[in-house]
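Since the structure comes first, as structure tokens, the remarks are kept for the end.
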Amino acid sequence: MMHDDDKFNDWLQEAAKDYNPPRPTPREEMWARIAARRSNRRVIELRPWIRWGLAAAALLVLGIGIGRWTAHDESGVSHATPVASVDTAGNRDVLYQVAATQYLSRTETFLTGFRADLRAGRADTRFTGQARDLLTTTRLLLDSPAADDPRMRVLLEDLELVLAQISQLTPGRDPHDTDLITQGMDQRSVLPKLRSAIPAGPVPLRTQGAS
Amino acid sequence: MDERDLITRVRAGDGTAERALYDAHVDRVYRLAYRLAGDDALAQDFTQETFIRAFEKLDTFRGDSALSTWLHAITTSVVLNGLRKVKRFRQREADLEAADGVSGGPRAAEPDLKVRLRQAIDALPPGYRTVFVMHDIEGFTHEEIGVALGVETGTSKAQLSRARAKLRESLADFAGEWVS
């Protein structure tokens with residue numbers, strides 16, 4: 001015969017199933033916010049490295065200057081012998097690579113968040129300001145050597161269009177406007193292309209002479 | 001993908017692996033957070049915070065327990081700390097309900113067993129409630145609860161026993177529901 005406590009425990013377990021019943025997990029919404037917060041932290045974590053990089057670059061320039069100055073003989077005639085060789089083109093490429101990767105990460109986070117909030121009916125005007133900022137960077141990158149790569153150029157042009165559309169959204173907008181933006185993103189596979197363009201791991205950062 | 005490989009890849013900063021780890025565990029983390037918080041916005045915040053902390057602290061995961069157990073330890077810590085912060089608001093709500101006469105009283109005053117049960121569980125001390133929710137509702141074992149809460153297995157069993165006793169006392173008006 002079942003003990004009274006056991007009966008109560010069985011009944012309780014069954015009855016308590018209705019206690020705070022969870023709704024389906026909002027996976028994408030939560031992931032978009034996690035990705036955004038982690039992306040922000042990565043940028044913050046990178047800042048000291050940027051400072052170190054700038055300091056190293058300044059030191060390098062100073063070194064070159066001193067080297068050129070000491071390479072002159074007393075008569076003031078230069079031997080024209082390089083005392084330090086600097087792969088300036090290589091450095092420039094790395095800088096653009098770093099800038100492009102940071103930009104792509106930020107844009108990916110932004111567009112993922114935008115889509116998630118749009119689905120949840122929460123997209124608001126703060127998106128337009130962020131879209132404008134990213135649009136400025138997009139145009140700068142389009143005019144930079146980062147856009148020499150044809151695939152990167154096509155991606156930047158797609159992003160320019162999407163960001164320009166988002167930046168023009170108004171508070172009392174027609175829902176059709178946002179539908180057009182998301183349809184355009186889907187048709188051109190903007191997010192998949194964007195994600196595949198972002199290298200896995202931390203943002204690349206190399207110093208002079210690193211392989 | 002093997003869990004160990006997944007952890008190695010997440011530690012190396014692989015975003016795809018982070019997403020795979022998230023997908024593998026998010027349902028249970030969110031369910032637990034929701035059951036304990038009873039509020040979707042809070043549950044989402046707690047779930048996000050859990051994963052952000054997990055990704056940041058993954059280097060400290062030694063593999064002594066399953067990754068899921070380690071994640072649930074973070075979840076309970078995040079949820080219980082978070083709920084302490086909103087306790088004042090909850091207390092205010094409970095006071096208002098008590099003033100309306102919905103907590104306690106004879107059965108005739110509150111015919112809805114579900115409401116009374118929810119109130120009785122909410123009124124449990126936080127430690128008892130956490131163990132009760134994890135064991136009786138979400139199906140965690142006492143061993144898992146012990147690791148997640150940093151207590152002995154025996155403590156988890158004792159707290160569950162006390163939680164059930166308190167609930168039985170609170171629901172005495174409904175004794176006919178289980179004594180049949």
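Labeling convention for the structure tokens: chains A, B, ... as they appear, residues from 1 per chain, ligands from 1 in order of appearance.
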
- Near Gly38 in chain B, counting only C-alpha atoms, which residues have an atom at most 12 Å away, once you skip same-chain residues fewer than 4 positions from it, shown as a list in words? Asp18, Tyr19, Asn20, Pro21, Pro22 and Arg23 of chain A; Tyr30, Arg31, Leu32, Ala33, Tyr34, Leu42, Ala43, Gln44, Phe46, Val79, Leu83, Arg90, Arg118, Gln119, Ile121, Asp122 and Val133 of chain B

Please identify every residue of chain A that has at least one atom no more than 6 Å from any atom of chain B, counting only C-alpha atoms, and report them as a PDB file with N, CA and C atoms, in the first residue's frame.
ATOM      1  N   PHE A   8       1.485  12.078  -1.789  1.00  0.00           N
ATOM      2  CA  PHE A   8       1.581  13.541  -1.882  1.00  0.00           C
ATOM      3  C   PHE A   8       2.720  13.936  -2.837  1.00  0.00           C
ATOM      4  N   TRP A  11       1.714  13.357  -6.390  1.00  0.00           N
ATOM      5  CA  TRP A  11       0.728  14.359  -6.797  1.00  0.00           C
ATOM      6  C   TRP A  11       1.410  15.722  -7.002  1.00  0.00           C
ATOM      7  N   GLN A  13       4.575  16.436  -7.716  1.00  0.00           N
ATOM      8  CA  GLN A  13       5.419  16.486  -8.925  1.00  0.00           C
ATOM      9  C   GLN A  13       4.569  16.718 -10.172  1.00  0.00           C
ATOM     10  N   LYS A  17       4.201  20.718 -12.447  1.00  0.00           N
ATOM     11  CA  LYS A  17       4.671  20.874 -13.837  1.00  0.00           C
ATOM     12  C   LYS A  17       4.187  22.192 -14.445  1.00  0.00           C
ATOM     13  N   TYR A  19       4.128  24.962 -12.900  1.00  0.00           N
ATOM     14  CA  TYR A  19       4.764  26.104 -12.214  1.00  0.00           C
ATOM     15  C   TYR A  19       5.729  26.811 -13.180  1.00  0.00           C
ATOM     16  N   ASN A  20       5.495  28.055 -13.452  1.00  0.00           N
ATOM     17  CA  ASN A  20       6.323  28.850 -14.372  1.00  0.00           C
ATOM     18  C   ASN A  20       6.658  28.083 -15.660  1.00  0.00           C
ATOM     19  N   PRO A  22       7.865  27.262 -19.072  1.00  0.00           N
ATOM     20  CA  PRO A  22       8.629  28.080 -20.028  1.00  0.00           C
ATOM     21  C   PRO A  22       7.994  28.086 -21.409  1.00  0.00           C
ATOM     22  N   ILE A  34      23.869  38.065 -27.255  1.00  0.00           N
ATOM     23  CA  ILE A  34      25.136  37.527 -26.736  1.00  0.00           C
ATOM     24  C   ILE A  34      26.273  37.905 -27.684  1.00  0.00           C
ATOM     25  N   ALA A 200      37.692  33.156 -38.677  1.00  0.00           N
ATOM     26  CA  ALA A 200      37.439  32.607 -37.341  1.00  0.00           C
ATOM     27  C   ALA A 200      38.524  33.091 -36.401  1.00  0.00           C
ATOM     28  N   GLY A 201      38.197  33.230 -35.153  1.00  0.00           N
ATOM     29  CA  GLY A 201      39.177  33.615 -34.150  1.00  0.00           C
ATOM     30  C   GLY A 201      39.245  35.102 -33.984  1.00  0.00           C
TER      31      GLY A 201
END

- Identify all residues of chain B in helix (DSSP H, G or I) (DSSP on the backbone) and supply them as a PyMOL selection string. chain B and resi 3-11+15-37+40-60+67-99+107-109+113-122+126-137+142-149+153-170+172-177

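Of the residues listed (B:Met134, B:Leu149, B:Gln159, B:Ser68), B:Met134 shows the shortest atom-to-atom separation from Ala16 in chain A; distances use only C-alpha atoms.
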
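Interatomic distance, CA of Leu155 in chain A to CA of Arg106 in chain A: 14.4 Å.
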
- Message: So that I can see what lies close to Glu3 in chain B, please list as a VMD selection string the residues with an atom at most 9 Å from it, counting only C-alpha atoms and leaving out residues fewer than 4 positions away in the same chain.
- Response: chain B and resid 7 to 8 21 67

Written file, previous selection with N, CA and C atoms, as an mmCIF file, in the first residue's frame:
data_model
loop_
_atom_site.group_PDB
_atom_site.id
_atom_site.type_symbol
_atom_site.label_atom_id
_atom_site.label_comp_id
_atom_site.auth_asym_id
_atom_site.auth_seq_id
_atom_site.Cartn_x
_atom_site.Cartn_y
_atom_site.Cartn_z
ATOM 1 N N ILE B 7 34.947 22.350 -27.034
ATOM 2 C CA ILE B 7 35.507 23.248 -26.012
ATOM 3 C C ILE B 7 36.849 23.807 -26.486
ATOM 4 N N THR B 8 37.667 22.953 -27.082
ATOM 5 C CA THR B 8 38.974 23.401 -27.578
ATOM 6 C C THR B 8 38.795 24.495 -28.627
ATOM 7 N N LEU B 21 27.994 25.222 -29.219
ATOM 8 C CA LEU B 21 27.903 24.981 -27.766
ATOM 9 C C LEU B 21 26.613 25.595 -27.215
ATOM 10 N N LEU B 67 30.137 19.302 -18.938
ATOM 11 C CA LEU B 67 30.024 20.728 -19.270
ATOM 12 C C LEU B 67 28.634 21.252 -18.883
#

- For Ser156 in chain B: contacts at 9 Å, only C-alpha atoms, fewer than 5 positions along chain excluded, given as JSON, numbers by chain: {"B": [128, 131, 142, 143, 145, 146, 149, 151, 161]}

Keeping only N, CA and C atoms, write the selected residues to a file as a tab-separated table (two decimals), in the first residue's frame.
chain	number	residue	atom	x	y	z
B	128	TYR	N	15.32	26.14	-0.66
B	128	TYR	CA	14.36	25.04	-0.80
B	128	TYR	C	13.71	25.10	-2.19
B	131	VAL	N	16.05	23.90	-5.03
B	131	VAL	CA	16.20	22.44	-5.06
B	131	VAL	C	14.90	21.79	-5.54
B	142	HIS	N	20.12	14.68	-7.50
B	142	HIS	CA	20.69	15.35	-6.33
B	142	HIS	C	22.19	15.61	-6.52
B	143	GLU	N	22.84	14.71	-7.26
B	143	GLU	CA	24.27	14.90	-7.53
B	143	GLU	C	24.48	16.16	-8.38
B	145	ILE	N	22.44	18.67	-8.68
B	145	ILE	CA	22.06	19.85	-7.88
B	145	ILE	C	23.20	20.21	-6.92
B	146	GLY	N	23.78	19.17	-6.32
B	146	GLY	CA	24.89	19.41	-5.38
B	146	GLY	C	26.03	20.16	-6.04
B	149	LEU	N	24.88	23.84	-7.05
B	149	LEU	CA	24.71	24.78	-5.93
B	149	LEU	C	25.90	24.78	-4.98
B	151	VAL	N	26.75	22.36	-2.90
B	151	VAL	CA	26.38	21.78	-1.60
B	151	VAL	C	26.53	20.25	-1.67
B	161	SER	N	13.26	17.58	0.97
B	161	SER	CA	12.32	17.00	1.93
B	161	SER	C	11.59	18.12	2.70

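Near range 129-131 of chain A, within 8 Å and counting only C-alpha atoms, sit Phe110, Thr125, Arg126, Phe127, Asp133, Leu134, Leu135, Leu163, Ala164, Ile166 and Ser167 of chain A, not including residues fewer than 2 positions from it in the same chain.
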
- Message: Can you tell me which residues surround range 178-182 of chain A at a distance of at most 10 Å, considering only C-alpha atoms, apart from same-chain residues fewer than 3 positions away, and format the answer as a list in words?
- Response: Leu111, Phe114, Arg115, Leu118, Ala123, Leu161, Val162, Leu163, Ala164, Gln165, Ile166, Leu169, Arg173, Asp174, Pro175, Met185, Asp186, Gln187, Arg188 and Val190 of chain A

Those residues you just picked out, can you put them in a file as a CSV table (one decimal), in the first residue's frame with C-alpha atoms?
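Generated output (result_17.csv):
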chain,number,residue,atom,x,y,z
A,111,LEU,CA,22.4,43.2,-38.9
A,114,PHE,CA,18.4,44.3,-36.5
A,115,ARG,CA,16.7,41.2,-38.0
A,118,LEU,CA,12.5,43.2,-36.4
A,123,ALA,CA,13.2,47.5,-34.3
A,161,LEU,CA,22.8,49.4,-50.0
A,162,VAL,CA,21.4,47.7,-46.9
A,163,LEU,CA,22.8,50.1,-44.4
A,164,ALA,CA,21.6,53.1,-46.5
A,165,GLN,CA,18.1,51.7,-46.5
A,166,ILE,CA,18.1,51.1,-42.7
A,169,LEU,CA,13.9,54.3,-41.8
A,173,ARG,CA,7.6,53.8,-41.3
A,174,ASP,CA,5.5,51.5,-43.5
A,175,PRO,CA,6.2,47.8,-42.5
A,185,MET,CA,19.3,40.9,-47.7
A,186,ASP,CA,18.0,37.4,-48.3
A,187,GLN,CA,18.1,37.6,-52.0
A,188,ARG,CA,21.7,38.7,-52.0
A,190,VAL,CA,24.2,39.3,-47.4

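Computed from the coordinates, the CA of Ala99 in chain A to CA of Gly113 in chain A distance equals 21.2 Å.
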
- Which neighbours of range 62-66 of chain B fall inside 10 Å, counting only C-alpha atoms, when residues of the same chain fewer than 6 positions from it are skipped, and could you give them as a ChimeraX atom specification? /B:3-4,72,144,147
